[in-house]
$ cat input-v4.cif   # mmCIF, C-alpha atoms
data_query
#
loop_
_atom_site.group_PDB
_atom_site.id
_atom_site.type_symbol
_atom_site.label_atom_id
_atom_site.label_comp_id
_atom_site.auth_asym_id
_atom_site.auth_seq_id
_atom_site.Cartn_x
_atom_site.Cartn_y
_atom_site.Cartn_z
ATOM 1 C CA MET D 16 -12.361 -2.969 12.415
ATOM 2 C CA GLU D 17 -11.539 0.618 13.377
ATOM 3 C CA SER D 18 -11.605 3.406 10.805
ATOM 4 C CA ARG D 19 -9.222 6.318 10.343
ATOM 5 C CA PRO D 20 -9.342 9.513 8.266
ATOM 6 C CA LEU D 21 -7.198 9.383 5.140
ATOM 7 C CA GLY D 22 -4.777 12.200 5.810
ATOM 8 C CA THR D 23 -6.594 15.436 6.562
ATOM 9 C CA SER D 24 -9.369 14.593 4.081
ATOM 10 C CA GLY D 25 -12.929 13.759 5.081
ATOM 11 C CA LEU D 26 -12.612 10.207 3.770
ATOM 12 C CA LYS D 27 -12.537 7.511 6.456
ATOM 13 C CA VAL D 28 -11.191 4.049 5.694
ATOM 14 C CA SER D 29 -10.585 0.851 7.628
ATOM 15 C CA ARG D 30 -7.185 0.760 9.306
ATOM 16 C CA MET D 31 -6.262 -2.226 7.170
ATOM 17 C CA ALA D 32 -6.528 -2.324 3.378
ATOM 18 C CA LEU D 33 -7.063 -5.425 1.274
ATOM 19 C CA GLY D 34 -4.416 -5.712 -1.436
ATOM 20 C CA THR D 35 -5.358 -7.610 -4.581
ATOM 21 C CA MET D 36 -2.116 -7.858 -6.550
ATOM 22 C CA SER D 37 -2.286 -11.671 -6.650
ATOM 23 C CA TRP D 38 -5.868 -11.769 -7.984
ATOM 24 C CA GLY D 39 -5.946 -13.166 -11.486
ATOM 25 C CA SER D 40 -2.521 -14.777 -11.121
ATOM 26 C CA ALA D 41 -1.834 -16.699 -7.882
ATOM 27 C CA THR D 42 -5.410 -16.186 -6.656
ATOM 28 C CA ASP D 43 -8.408 -17.259 -8.758
ATOM 29 C CA SER D 44 -11.795 -15.547 -8.792
ATOM 30 C CA GLU D 45 -13.395 -17.959 -6.304
ATOM 31 C CA GLU D 46 -10.666 -17.434 -3.728
ATOM 32 C CA ALA D 47 -10.768 -13.680 -4.403
ATOM 33 C CA ALA D 48 -14.481 -13.744 -3.579
ATOM 34 C CA ASN D 49 -13.776 -15.527 -0.294
ATOM 35 C CA GLN D 50 -11.145 -12.947 0.612
ATOM 36 C CA LEU D 51 -13.374 -9.982 -0.158
ATOM 37 C CA VAL D 52 -16.275 -11.369 1.865
ATOM 38 C CA ALA D 53 -14.013 -12.174 4.834
ATOM 39 C CA PHE D 54 -12.488 -8.697 4.715
ATOM 40 C CA VAL D 55 -15.811 -6.850 4.518
ATOM 41 C CA ASP D 56 -17.370 -9.085 7.181
ATOM 42 C CA ALA D 57 -14.488 -8.107 9.477
ATOM 43 C CA GLY D 58 -15.327 -4.445 8.957
ATOM 44 C CA GLY D 59 -12.753 -3.725 6.257
ATOM 45 C CA THR D 60 -13.584 -1.085 3.680
ATOM 46 C CA LEU D 61 -10.455 -0.052 1.734
ATOM 47 C CA VAL D 62 -9.722 -2.359 -1.225
ATOM 48 C CA ASP D 63 -6.664 -1.572 -3.337
ATOM 49 C CA THR D 64 -5.897 -2.660 -6.900
ATOM 50 C CA ALA D 65 -4.144 -1.312 -10.023
ATOM 51 C CA ASP D 66 -4.672 -1.336 -13.757
ATOM 52 C CA ILE D 67 -1.448 -3.296 -14.273
ATOM 53 C CA TYR D 68 -2.225 -6.196 -11.912
ATOM 54 C CA ALA D 69 -2.649 -9.397 -13.928
ATOM 55 C CA GLU D 70 -2.834 -7.202 -17.037
ATOM 56 C CA GLY D 71 -6.203 -5.823 -15.976
ATOM 57 C CA GLU D 72 -7.782 -9.110 -14.921
ATOM 58 C CA CYS D 73 -7.497 -8.136 -11.263
ATOM 59 C CA GLU D 74 -9.756 -5.123 -11.808
ATOM 60 C CA GLN D 75 -12.195 -7.272 -13.788
ATOM 61 C CA ILE D 76 -12.445 -9.820 -10.967
ATOM 62 C CA LEU D 77 -12.949 -7.109 -8.375
ATOM 63 C CA GLY D 78 -15.573 -5.416 -10.525
ATOM 64 C CA SER D 79 -17.545 -8.642 -10.927
ATOM 65 C CA LEU D 80 -17.515 -9.181 -7.151
ATOM 66 C CA LEU D 81 -18.760 -5.652 -6.478
ATOM 67 C CA ALA D 82 -21.571 -6.266 -8.934
ATOM 68 C CA ASP D 83 -22.671 -9.642 -7.574
ATOM 69 C CA LEU D 84 -21.308 -10.237 -4.081
ATOM 70 C CA VAL D 85 -20.490 -7.115 -2.041
ATOM 71 C CA PRO D 86 -22.426 -3.838 -2.336
ATOM 72 C CA ARG D 87 -20.393 -1.135 -4.055
ATOM 73 C CA GLU D 88 -21.265 1.346 -1.324
ATOM 74 C CA ASP D 89 -19.629 -0.865 1.326
ATOM 75 C CA VAL D 90 -16.196 -0.531 -0.277
ATOM 76 C CA VAL D 91 -13.712 2.322 -0.613
ATOM 77 C CA LEU D 92 -12.405 1.416 -4.045
ATOM 78 C CA ALA D 93 -8.804 2.360 -4.858
ATOM 79 C CA THR D 94 -6.855 1.756 -8.051
ATOM 80 C CA LYS D 95 -3.724 3.090 -9.741
ATOM 81 C CA ALA D 96 -2.374 4.218 -13.091
ATOM 82 C CA VAL D 97 0.985 5.164 -14.711
ATOM 83 C CA ALA D 98 2.533 1.710 -15.265
ATOM 84 C CA ARG D 99 2.751 0.758 -18.938
ATOM 85 C CA ARG D 100 -0.098 -1.488 -20.062
ATOM 86 C CA THR D 101 0.218 -1.420 -23.849
ATOM 87 C CA ASP D 102 2.363 0.033 -26.582
ATOM 88 C CA GLY D 103 1.367 3.345 -28.052
ATOM 89 C CA PRO D 104 1.215 6.968 -26.909
ATOM 90 C CA PHE D 105 -1.486 6.405 -24.263
ATOM 91 C CA GLY D 106 -0.451 2.963 -23.012
ATOM 92 C CA GLY D 107 1.364 4.152 -19.903
ATOM 93 C CA GLY D 108 3.093 7.017 -18.170
ATOM 94 C CA ALA D 109 1.822 10.115 -16.393
ATOM 95 C CA SER D 110 0.878 12.364 -19.308
ATOM 96 C CA ARG D 111 -2.638 13.790 -19.230
ATOM 97 C CA GLY D 112 -3.685 11.652 -22.180
ATOM 98 C CA ALA D 113 -2.228 8.432 -20.822
ATOM 99 C CA LEU D 114 -3.666 8.929 -17.344
ATOM 100 C CA LEU D 115 -7.197 9.743 -18.460
ATOM 101 C CA THR D 116 -7.126 6.840 -20.924
ATOM 102 C CA ALA D 117 -6.020 4.559 -18.089
ATOM 103 C CA LEU D 118 -8.791 5.849 -15.832
ATOM 104 C CA ASP D 119 -11.466 5.141 -18.418
ATOM 105 C CA GLY D 120 -10.072 1.621 -18.813
ATOM 106 C CA SER D 121 -10.113 1.020 -15.065
ATOM 107 C CA LEU D 122 -13.699 2.232 -14.752
ATOM 108 C CA ARG D 123 -14.733 -0.063 -17.591
ATOM 109 C CA ARG D 124 -13.025 -3.134 -16.096
ATOM 110 C CA LEU D 125 -14.338 -2.387 -12.621
ATOM 111 C CA GLY D 126 -17.836 -1.756 -13.946
ATOM 112 C CA VAL D 127 -18.261 1.457 -11.952
ATOM 113 C CA ASP D 128 -18.762 5.131 -12.745
ATOM 114 C CA HIS D 129 -16.160 6.349 -10.255
ATOM 115 C CA VAL D 130 -13.341 5.199 -7.991
ATOM 116 C CA ASP D 131 -12.933 6.518 -4.476
ATOM 117 C CA LEU D 132 -9.140 6.802 -4.546
ATOM 118 C CA TRP D 133 -7.104 7.065 -7.755
ATOM 119 C CA GLN D 134 -3.348 6.854 -7.277
ATOM 120 C CA LEU D 135 -0.313 7.598 -9.417
ATOM 121 C CA HIS D 136 1.577 4.309 -9.255
ATOM 122 C CA ALA D 137 5.011 5.896 -9.722
ATOM 123 C CA TRP D 138 6.805 9.138 -10.505
ATOM 124 C CA ASP D 139 7.235 9.912 -14.206
ATOM 125 C CA GLY D 140 10.140 12.289 -14.716
ATOM 126 C CA THR D 141 9.510 12.518 -18.458
ATOM 127 C CA VAL D 142 6.269 14.464 -17.981
ATOM 128 C CA PRO D 143 5.921 17.937 -16.426
ATOM 129 C CA LEU D 144 4.460 17.507 -12.963
ATOM 130 C CA GLU D 145 1.963 20.287 -13.620
ATOM 131 C CA GLU D 146 0.517 18.266 -16.506
ATOM 132 C CA THR D 147 0.263 15.129 -14.396
ATOM 133 C CA LEU D 148 -1.483 16.948 -11.563
ATOM 134 C CA SER D 149 -3.858 18.643 -13.982
ATOM 135 C CA ALA D 150 -5.085 15.182 -14.975
ATOM 136 C CA LEU D 151 -5.798 14.400 -11.309
ATOM 137 C CA ASP D 152 -7.624 17.729 -10.995
ATOM 138 C CA PHE D 153 -9.753 16.953 -14.023
ATOM 139 C CA ALA D 154 -10.512 13.435 -12.848
ATOM 140 C CA VAL D 155 -11.759 14.742 -9.509
ATOM 141 C CA SER D 156 -13.762 17.627 -10.975
ATOM 142 C CA SER D 157 -15.377 15.276 -13.499
ATOM 143 C CA GLY D 158 -16.699 13.039 -10.730
ATOM 144 C CA LYS D 159 -14.864 9.967 -11.991
ATOM 145 C CA VAL D 160 -12.510 10.160 -8.997
ATOM 146 C CA ARG D 161 -13.392 11.183 -5.453
ATOM 147 C CA TYR D 162 -9.862 11.483 -3.977
ATOM 148 C CA ALA D 163 -6.341 11.370 -5.406
ATOM 149 C CA GLY D 164 -3.138 9.810 -4.115
ATOM 150 C CA VAL D 165 0.352 8.798 -5.168
ATOM 151 C CA SER D 166 2.561 5.761 -4.714
ATOM 152 C CA ASN D 167 6.310 5.178 -4.513
ATOM 153 C CA TYR D 168 7.139 8.893 -4.396
ATOM 154 C CA CYS D 169 10.273 9.922 -2.503
ATOM 155 C CA GLY D 170 10.158 12.838 -0.078
ATOM 156 C CA TRP D 171 10.929 15.717 -2.435
ATOM 157 C CA GLN D 172 8.567 14.358 -5.080
ATOM 158 C CA LEU D 173 5.710 14.079 -2.614
ATOM 159 C CA ALA D 174 6.346 17.531 -1.126
ATOM 160 C CA THR D 175 6.604 19.178 -4.555
ATOM 161 C CA ALA D 176 3.351 17.653 -5.772
ATOM 162 C CA ALA D 177 1.551 18.553 -2.543
ATOM 163 C CA ALA D 178 2.798 22.144 -2.693
ATOM 164 C CA LEU D 179 1.678 22.579 -6.311
ATOM 165 C CA ARG D 180 -1.830 21.276 -5.560
ATOM 166 C CA PRO D 181 -2.610 21.787 -1.864
ATOM 167 C CA ARG D 182 -5.157 19.285 -0.503
ATOM 168 C CA LEU D 183 -5.461 17.418 -3.809
ATOM 169 C CA ILE D 184 -3.277 14.486 -2.747
ATOM 170 C CA VAL D 185 -4.593 12.730 0.345
ATOM 171 C CA SER D 186 -2.466 9.561 0.467
ATOM 172 C CA THR D 187 0.862 8.054 -0.463
ATOM 173 C CA GLN D 188 1.522 4.341 -0.800
ATOM 174 C CA VAL D 189 5.076 3.321 0.102
ATOM 175 C CA GLU D 190 6.920 0.212 1.203
ATOM 176 C CA TYR D 191 7.090 0.406 4.992
ATOM 177 C CA SER D 192 7.774 -2.303 7.553
ATOM 178 C CA LEU D 193 10.156 -3.255 10.326
ATOM 179 C CA LEU D 194 12.538 -4.314 7.547
ATOM 180 C CA GLU D 195 12.089 -1.193 5.415
ATOM 181 C CA ARG D 196 12.017 2.048 7.394
ATOM 182 C CA GLY D 197 13.799 4.316 4.917
ATOM 183 C CA VAL D 198 10.624 6.346 4.349
ATOM 184 C CA GLU D 199 11.006 7.735 7.871
ATOM 185 C CA ARG D 200 13.872 9.954 6.687
ATOM 186 C CA GLU D 201 11.961 12.154 4.246
ATOM 187 C CA VAL D 202 8.600 10.708 3.130
ATOM 188 C CA VAL D 203 6.994 10.458 6.560
ATOM 189 C CA PRO D 204 7.850 14.064 7.546
ATOM 190 C CA ALA D 205 6.717 15.375 4.149
ATOM 191 C CA ALA D 206 3.426 13.504 4.428
ATOM 192 C CA ALA D 207 2.853 14.802 7.956
ATOM 193 C CA HIS D 208 3.573 18.387 6.920
ATOM 194 C CA HIS D 209 1.097 18.265 4.042
ATOM 195 C CA GLY D 210 -1.609 16.238 5.797
ATOM 196 C CA ILE D 211 -1.144 13.145 3.620
ATOM 197 C CA GLY D 212 -1.930 9.671 4.956
ATOM 198 C CA LEU D 213 0.481 6.749 4.651
ATOM 199 C CA LEU D 214 -0.651 3.457 3.107
ATOM 200 C CA PRO D 215 2.231 0.993 3.646
ATOM 201 C CA TRP D 216 2.653 -1.777 1.106
ATOM 202 C CA ALA D 217 4.606 -4.938 1.972
ATOM 203 C CA PRO D 218 3.967 -4.311 5.702
ATOM 204 C CA LEU D 219 5.132 -7.859 6.410
ATOM 205 C CA GLY D 220 8.522 -7.326 4.807
ATOM 206 C CA ARG D 221 7.490 -9.182 1.639
ATOM 207 C CA GLY D 222 6.532 -12.134 3.823
ATOM 208 C CA VAL D 223 9.854 -12.383 5.648
ATOM 209 C CA LEU D 224 8.471 -10.975 8.920
ATOM 210 C CA THR D 225 6.007 -13.850 9.225
ATOM 211 C CA GLY D 226 8.963 -16.056 10.117
ATOM 212 C CA LYS D 227 8.337 -18.521 7.312
ATOM 213 C CA TYR D 228 11.936 -18.210 6.074
ATOM 214 C CA ARG D 229 13.667 -18.606 9.447
ATOM 215 C CA THR D 230 14.875 -22.149 8.711
ATOM 216 C CA GLY D 231 14.709 -22.298 4.929
ATOM 217 C CA THR D 232 12.519 -21.561 1.927
ATOM 218 C CA PRO D 233 9.107 -23.291 1.934
ATOM 219 C CA ALA D 234 8.325 -24.874 -1.413
ATOM 220 C CA ASP D 235 4.971 -23.097 -1.674
ATOM 221 C CA SER D 236 6.311 -19.649 -0.759
ATOM 222 C CA ARG D 237 7.033 -16.645 -2.951
ATOM 223 C CA GLY D 238 10.708 -17.072 -2.107
ATOM 224 C CA ALA D 239 10.667 -20.406 -3.931
ATOM 225 C CA SER D 240 9.049 -19.089 -7.106
ATOM 226 C CA THR D 241 11.020 -17.893 -10.098
ATOM 227 C CA THR D 242 8.771 -14.835 -10.367
ATOM 228 C CA TYR D 243 9.089 -13.538 -6.797
ATOM 229 C CA ALA D 244 12.335 -15.003 -5.465
ATOM 230 C CA GLY D 245 14.263 -11.789 -6.100
ATOM 231 C CA TYR D 246 11.460 -9.739 -4.588
ATOM 232 C CA VAL D 247 11.710 -11.699 -1.321
ATOM 233 C CA GLU D 248 15.500 -12.083 -1.339
ATOM 234 C CA GLN D 249 15.979 -8.343 -0.877
ATOM 235 C CA HIS D 250 14.879 -8.721 2.745
ATOM 236 C CA ARG D 251 16.746 -11.929 3.569
ATOM 237 C CA THR D 252 19.813 -10.365 5.142
ATOM 238 C CA GLU D 253 21.652 -10.661 8.454
ATOM 239 C CA ARG D 254 19.963 -7.485 9.689
ATOM 240 C CA ALA D 255 16.577 -8.856 8.661
ATOM 241 C CA SER D 256 17.269 -12.120 10.519
ATOM 242 C CA ARG D 257 17.903 -10.216 13.750
ATOM 243 C CA ILE D 258 14.638 -8.325 13.341
ATOM 244 C CA VAL D 259 12.680 -11.471 12.498
ATOM 245 C CA GLU D 260 13.997 -13.188 15.639
ATOM 246 C CA ALA D 261 12.976 -10.180 17.732
ATOM 247 C CA VAL D 262 9.496 -10.283 16.230
ATOM 248 C CA ALA D 263 9.231 -14.031 16.905
ATOM 249 C CA THR D 264 10.326 -13.527 20.516
ATOM 250 C CA ALA D 265 7.720 -10.802 20.979
ATOM 251 C CA ALA D 266 5.043 -13.012 19.455
ATOM 252 C CA ASP D 267 5.897 -15.884 21.804
ATOM 253 C CA GLY D 268 5.672 -13.574 24.786
ATOM 254 C CA LEU D 269 2.312 -12.186 23.704
ATOM 255 C CA GLY D 270 0.847 -15.536 22.672
ATOM 256 C CA THR D 271 0.254 -14.395 19.117
ATOM 257 C CA SER D 272 1.860 -14.753 15.673
ATOM 258 C CA PRO D 273 4.901 -12.935 14.244
ATOM 259 C CA LEU D 274 2.589 -11.742 11.467
ATOM 260 C CA ALA D 275 0.292 -10.027 13.971
ATOM 261 C CA VAL D 276 3.214 -8.373 15.771
ATOM 262 C CA ALA D 277 4.777 -7.043 12.564
ATOM 263 C CA LEU D 278 1.456 -5.780 11.236
ATOM 264 C CA ALA D 279 0.433 -4.107 14.506
ATOM 265 C CA TRP D 280 3.813 -2.359 14.668
ATOM 266 C CA VAL D 281 3.498 -0.665 11.271
ATOM 267 C CA ARG D 282 -0.257 -0.040 11.599
ATOM 268 C CA ASP D 283 0.309 2.152 14.631
ATOM 269 C CA ARG D 284 3.319 4.111 13.391
ATOM 270 C CA PRO D 285 2.872 7.911 13.197
ATOM 271 C CA GLY D 286 1.051 8.957 10.045
ATOM 272 C CA VAL D 287 0.033 5.439 9.005
ATOM 273 C CA VAL D 288 -3.616 5.065 8.023
ATOM 274 C CA ALA D 289 -3.878 1.501 6.721
ATOM 275 C CA PRO D 290 -1.275 -1.126 5.805
ATOM 276 C CA VAL D 291 -2.122 -2.812 2.488
ATOM 277 C CA VAL D 292 -2.218 -6.543 3.162
ATOM 278 C CA GLY D 293 -2.258 -9.049 0.316
ATOM 279 C CA ALA D 294 -2.852 -12.772 0.677
ATOM 280 C CA ARG D 295 -2.724 -15.779 -1.577
ATOM 281 C CA ASP D 296 -5.729 -17.351 0.152
ATOM 282 C CA THR D 297 -8.272 -16.716 2.880
ATOM 283 C CA GLY D 298 -6.212 -18.601 5.444
ATOM 284 C CA GLN D 299 -3.373 -16.124 5.046
ATOM 285 C CA LEU D 300 -5.800 -13.212 5.182
ATOM 286 C CA SER D 301 -7.296 -14.525 8.427
ATOM 287 C CA GLY D 302 -3.908 -14.183 10.089
ATOM 288 C CA SER D 303 -3.765 -10.526 9.101
ATOM 289 C CA LEU D 304 -7.330 -9.850 10.235
ATOM 290 C CA ALA D 305 -6.475 -11.329 13.639
ATOM 291 C CA ALA D 306 -3.911 -8.561 14.131
ATOM 292 C CA GLU D 307 -6.791 -6.108 14.507
ATOM 293 C CA GLU D 308 -7.166 -7.282 18.104
ATOM 294 C CA LEU D 309 -3.515 -6.647 18.998
ATOM 295 C CA THR D 310 -2.009 -3.479 20.426
ATOM 296 C CA LEU D 311 1.689 -3.803 21.211
ATOM 297 C CA PRO D 312 2.813 -3.001 24.760
ATOM 298 C CA THR D 313 5.076 0.036 24.998
ATOM 299 C CA ALA D 314 8.125 -2.007 26.034
ATOM 300 C CA ILE D 315 7.804 -4.406 23.096
ATOM 301 C CA ARG D 316 7.255 -1.570 20.635
ATOM 302 C CA ALA D 317 10.371 0.163 21.962
ATOM 303 C CA ALA D 318 12.419 -3.024 21.615
ATOM 304 C CA LEU D 319 11.290 -3.500 18.015
ATOM 305 C CA ASP D 320 11.997 0.156 17.274
ATOM 306 C CA ASP D 321 15.505 -0.315 18.591
ATOM 307 C CA VAL D 322 16.395 -3.525 16.748
ATOM 308 C CA SER D 323 15.038 -2.223 13.422
ATOM 309 C CA GLY D 324 16.222 1.373 13.712
ATOM 310 C CA ILE D 325 17.846 3.138 10.758
ATOM 311 C CA GLU D 326 20.538 5.796 10.719
ATOM 312 C CA PHE D 327 19.630 9.445 10.383
ATOM 313 C CA GLY D 328 22.188 12.025 9.435
ATOM 314 C CA TYR D 329 22.572 15.451 7.935
ATOM 315 C CA PRO D 330 20.252 17.104 7.058
ATOM 316 C CA GLU D 331 17.363 14.950 8.287
ATOM 317 C CA ARG D 332 18.245 15.424 11.946
ATOM 318 C CA TRP D 333 19.873 18.866 11.894
ATOM 319 C CA PRO D 334 20.016 20.847 14.098
ATOM 320 C CA ARG D 335 19.984 18.388 16.965
#
$ encode --input "input-v4.cif" --output "structure tokens"
Amino acid sequence: MESRPLGTSGLKVSRMALGTMSWGSATDSEEAANQLVAFVDAGGTLVDTADIYAEGECEQILGSLLADLVPREDVVLATKAVARRTDGPFGGGASRGALLTALDGSLRRLGVDHVDLWQLHAWDGTVPLEETLSALDFAVSSGKVRYAGVSNYCGWQLATAAALRPRLIVSTQVEYSLLERGVEREVVPAAAHHGIGLLPWAPLGRGVLTGKYRTGTPADSRGASTTYAGYVEQHRTERASRIVEAVATAADGLGTSPLAVALAWVRDRPGVVAPVVGARDTGQLSGSLAAEELTLPTAIRAALDDVSGIEFGYPERWPR
């Protein structure tokens, strides 16, 4: 698997990241082990988790695998903080106290003395940004964190944070796919201006771009579960159906899967470093790993750009 620099930092990561949100819930520890081994064997390095996933069990599973199965030095370990984990003054949020408490908890569950990429999971408007960024500064200077990033920041939030602490933030994780291109209005230009790499989450349109929902809702899919039905339903629209059909047509023409087409499209968008791909099992992950071999022809990429295009207006495209 190819590697790319994370923004303008010196850190290089695989151009696909392994997402672990399902570990500890839909994915047990044995299947998680199979996924991690398959990912690393394919040349993958960037593994992404968060303190809130499965109430911390996800980090514990990943930590046990790094201790017993995959060498720690073979993995670029990324986790997140800010989401509320417990009640109390330090149980969530982006205050200095809450963030550093969360970091210590993540290190303990992961069984490591540092993480390679520590990300703010969301914007916290109740805390002065200067205080939040000072916690990132301290975490890096202490050696507990090697690089810092953010997640789910809009354009002005990302640009403000980057301007306050130049070169501190090296990545931003945002939803980005053929079905969700809104980040191209403000986030993508802000990231490019400040040398920040994009890590798209839900690069497969929450599963919709795989084509599994073209004729209905499979019983074993997220769309059929009470927990994730609303999450998937957001992308089951008439516009989405047109895009999914275009992806399926492209896949037929290329002799590959809709999953591979959708993943290759977002992977090679300007500014993108590594889409974060999650899977319930190793079979699903194998489909994503196969996309590494695919580069979309210019004509197909242009057709997908056209069918999925979003409107730009004032001031994003002014002057013209």
$ resolve_selection --input "input-v4.cif" --expression "the PyMOL selection byres ((chain D and resi 76) around 9)" --output "VMD selection string"
chain D and resid 38 to 39 43 to 44 47 to 48 71 to 75 77 to 81 124 to 125
$ residues_near_point --input "input-v4.cif" --point "(-15.2, -5.6, 9.5)" --cutoff "9 Å" --atoms "all atoms listed in the file" --output "mmCIF file with C-alpha atoms, in the frame of the given file"
data_model
loop_
_atom_site.group_PDB
_atom_site.id
_atom_site.type_symbol
_atom_site.label_atom_id
_atom_site.label_comp_id
_atom_site.auth_asym_id
_atom_site.auth_seq_id
_atom_site.Cartn_x
_atom_site.Cartn_y
_atom_site.Cartn_z
ATOM 1 C CA MET D 16 -12.361 -2.969 12.415
ATOM 2 C CA GLU D 17 -11.539 0.618 13.377
ATOM 3 C CA SER D 29 -10.585 0.851 7.628
ATOM 4 C CA ALA D 53 -14.013 -12.174 4.834
ATOM 5 C CA PHE D 54 -12.488 -8.697 4.715
ATOM 6 C CA VAL D 55 -15.811 -6.850 4.518
ATOM 7 C CA ASP D 56 -17.370 -9.085 7.181
ATOM 8 C CA ALA D 57 -14.488 -8.107 9.477
ATOM 9 C CA GLY D 58 -15.327 -4.445 8.957
ATOM 10 C CA GLY D 59 -12.753 -3.725 6.257
ATOM 11 C CA THR D 60 -13.584 -1.085 3.680
ATOM 12 C CA LEU D 304 -7.330 -9.850 10.235
#
$ residues_around --input "input-v4.cif" --residues "D:Thr42" --least-positions-apart "6" --cutoff "10 Å" --atoms "all atoms listed in the file" --output "ChimeraX atom specification"
/D:35-36,48,50,73,294-297
$ write_last_selection --input "input-v4.cif" --atoms "C-alpha atoms" --output "compact mmCIF listing (two decimals), keeping the file's coordinate frame"
# COMPACT_ATOMS: atom_id res chain seq x y z
CA THR D 35 -5.36 -7.61 -4.58
CA MET D 36 -2.12 -7.86 -6.55
CA ALA D 48 -14.48 -13.74 -3.58
CA GLN D 50 -11.14 -12.95 0.61
CA CYS D 73 -7.50 -8.14 -11.26
CA ALA D 294 -2.85 -12.77 0.68
CA ARG D 295 -2.72 -15.78 -1.58
CA ASP D 296 -5.73 -17.35 0.15
CA THR D 297 -8.27 -16.72 2.88
$ resolve_selection --input "input-v4.cif" --expression "the PyMOL selection byres ((chain D and resi 271-288) around 7)" --output "mmCIF file with C-alpha atoms, keeping the file's coordinate frame"
data_model
loop_
_atom_site.group_PDB
_atom_site.id
_atom_site.type_symbol
_atom_site.label_atom_id
_atom_site.label_comp_id
_atom_site.auth_asym_id
_atom_site.auth_seq_id
_atom_site.Cartn_x
_atom_site.Cartn_y
_atom_site.Cartn_z
ATOM 1 C CA ARG D 19 -9.222 6.318 10.343
ATOM 2 C CA LEU D 21 -7.198 9.383 5.140
ATOM 3 C CA ARG D 30 -7.185 0.760 9.306
ATOM 4 C CA SER D 192 7.774 -2.303 7.553
ATOM 5 C CA LEU D 193 10.156 -3.255 10.326
ATOM 6 C CA ALA D 207 2.853 14.802 7.956
ATOM 7 C CA GLY D 212 -1.930 9.671 4.956
ATOM 8 C CA LEU D 213 0.481 6.749 4.651
ATOM 9 C CA LEU D 214 -0.651 3.457 3.107
ATOM 10 C CA PRO D 218 3.967 -4.311 5.702
ATOM 11 C CA LEU D 219 5.132 -7.859 6.410
ATOM 12 C CA LEU D 224 8.471 -10.975 8.920
ATOM 13 C CA THR D 225 6.007 -13.850 9.225
ATOM 14 C CA GLY D 226 8.963 -16.056 10.117
ATOM 15 C CA VAL D 262 9.496 -10.283 16.230
ATOM 16 C CA ALA D 263 9.231 -14.031 16.905
ATOM 17 C CA ALA D 266 5.043 -13.012 19.455
ATOM 18 C CA ASP D 267 5.897 -15.884 21.804
ATOM 19 C CA LEU D 269 2.312 -12.186 23.704
ATOM 20 C CA GLY D 270 0.847 -15.536 22.672
ATOM 21 C CA ALA D 289 -3.878 1.501 6.721
ATOM 22 C CA PRO D 290 -1.275 -1.126 5.805
ATOM 23 C CA SER D 303 -3.765 -10.526 9.101
ATOM 24 C CA ALA D 305 -6.475 -11.329 13.639
ATOM 25 C CA ALA D 306 -3.911 -8.561 14.131
ATOM 26 C CA LEU D 309 -3.515 -6.647 18.998
ATOM 27 C CA THR D 310 -2.009 -3.479 20.426
ATOM 28 C CA LEU D 311 1.689 -3.803 21.211
ATOM 29 C CA ARG D 316 7.255 -1.570 20.635
#
$ closest_atom_pairs --input "input-v4.cif" --of "stretch 84-170 of chain D" --to "stretch 65-69 of chain D" --cutoff "10 Å" --atoms "only C-alpha atoms" --output "tab-separated table"
residue	atom	partner	partner_atom	distance
D:Ala93	CA	D:Ala65	CA	7.9
D:Thr94	CA	D:Ala65	CA	4.5
D:Lys95	CA	D:Ala65	CA	4.4
D:Ala96	CA	D:Asp66	CA	6.0
D:Val97	CA	D:Asp66	CA	8.7
D:Ala98	CA	D:Ile67	CA	6.5
D:Arg99	CA	D:Ile67	CA	7.5
D:Arg100	CA	D:Ile67	CA	6.2
D:Thr101	CA	D:Ile67	CA	9.9
D:Gly107	CA	D:Ile67	CA	9.8
D:Ala117	CA	D:Asp66	CA	7.4
D:Leu118	CA	D:Asp66	CA	8.5
D:Gly120	CA	D:Asp66	CA	8.0
D:Ser121	CA	D:Asp66	CA	6.1
D:Leu122	CA	D:Asp66	CA	9.8
D:Arg124	CA	D:Asp66	CA	8.9
D:Leu125	CA	D:Asp66	CA	9.8
D:Trp133	CA	D:Ala65	CA	9.2
D:Gln134	CA	D:Ala65	CA	8.7
D:Leu135	CA	D:Ala65	CA	9.7
D:His136	CA	D:Ala65	CA	8.1
$ resolve_selection --input "input-v4.cif" --expression "the PyMOL selection byres ((chain D and resi 164) around 9)" --output "list in words"
Lys95, Leu132, Trp133, Gln134, Leu135, His136, Leu151, Tyr162, Ala163, Val165, Ser166, Leu183, Ile184, Val185, Ser186, Thr187, Gln188 and Ile211 of chain D
$ atom_distance --input "input-v4.cif" --atom1 "atom CA of D:Ala113" --atom2 "atom CA of D:Asp128"
18.7 Å
$ atom_distance --input "input-v4.cif" --atom1 "atom CA of D:Gly220" --atom2 "atom CA of D:Ala206"
21.4 Å
$ closest_residue --input "input-v4.cif" --among "D:Gly140, D:Gly197, D:Gly293, D:Gly108" --to "D:Gly324" --atoms "all atoms listed in the file"
D:Gly197
$ atom_distance --input "input-v4.cif" --atom1 "atom CA of D:Ile315" --atom2 "atom CA of D:Leu61"
28.4 Å
$ closest_residue --input "input-v4.cif" --among "D:Ala177, D:Val155, D:Glu46, D:Val198" --to "D:Val130" --atoms "all atoms listed in the file"
D:Val155
$ closest_residue --input "input-v4.cif" --among "D:His129, D:Arg111, D:Arg251, D:Arg196" --to "D:Ser323" --atoms "only C-alpha atoms"
D:Arg196
$ axis_aligned_box --input "input-v4.cif" --around "stretch 112-130 of chain D" --padding-each-side "4 Å" --output "JSON"
{"center_x": -10.5, "center_y": 4.3, "center_z": -15.1, "size_x": 24.5, "size_y": 22.8, "size_z": 22.2}
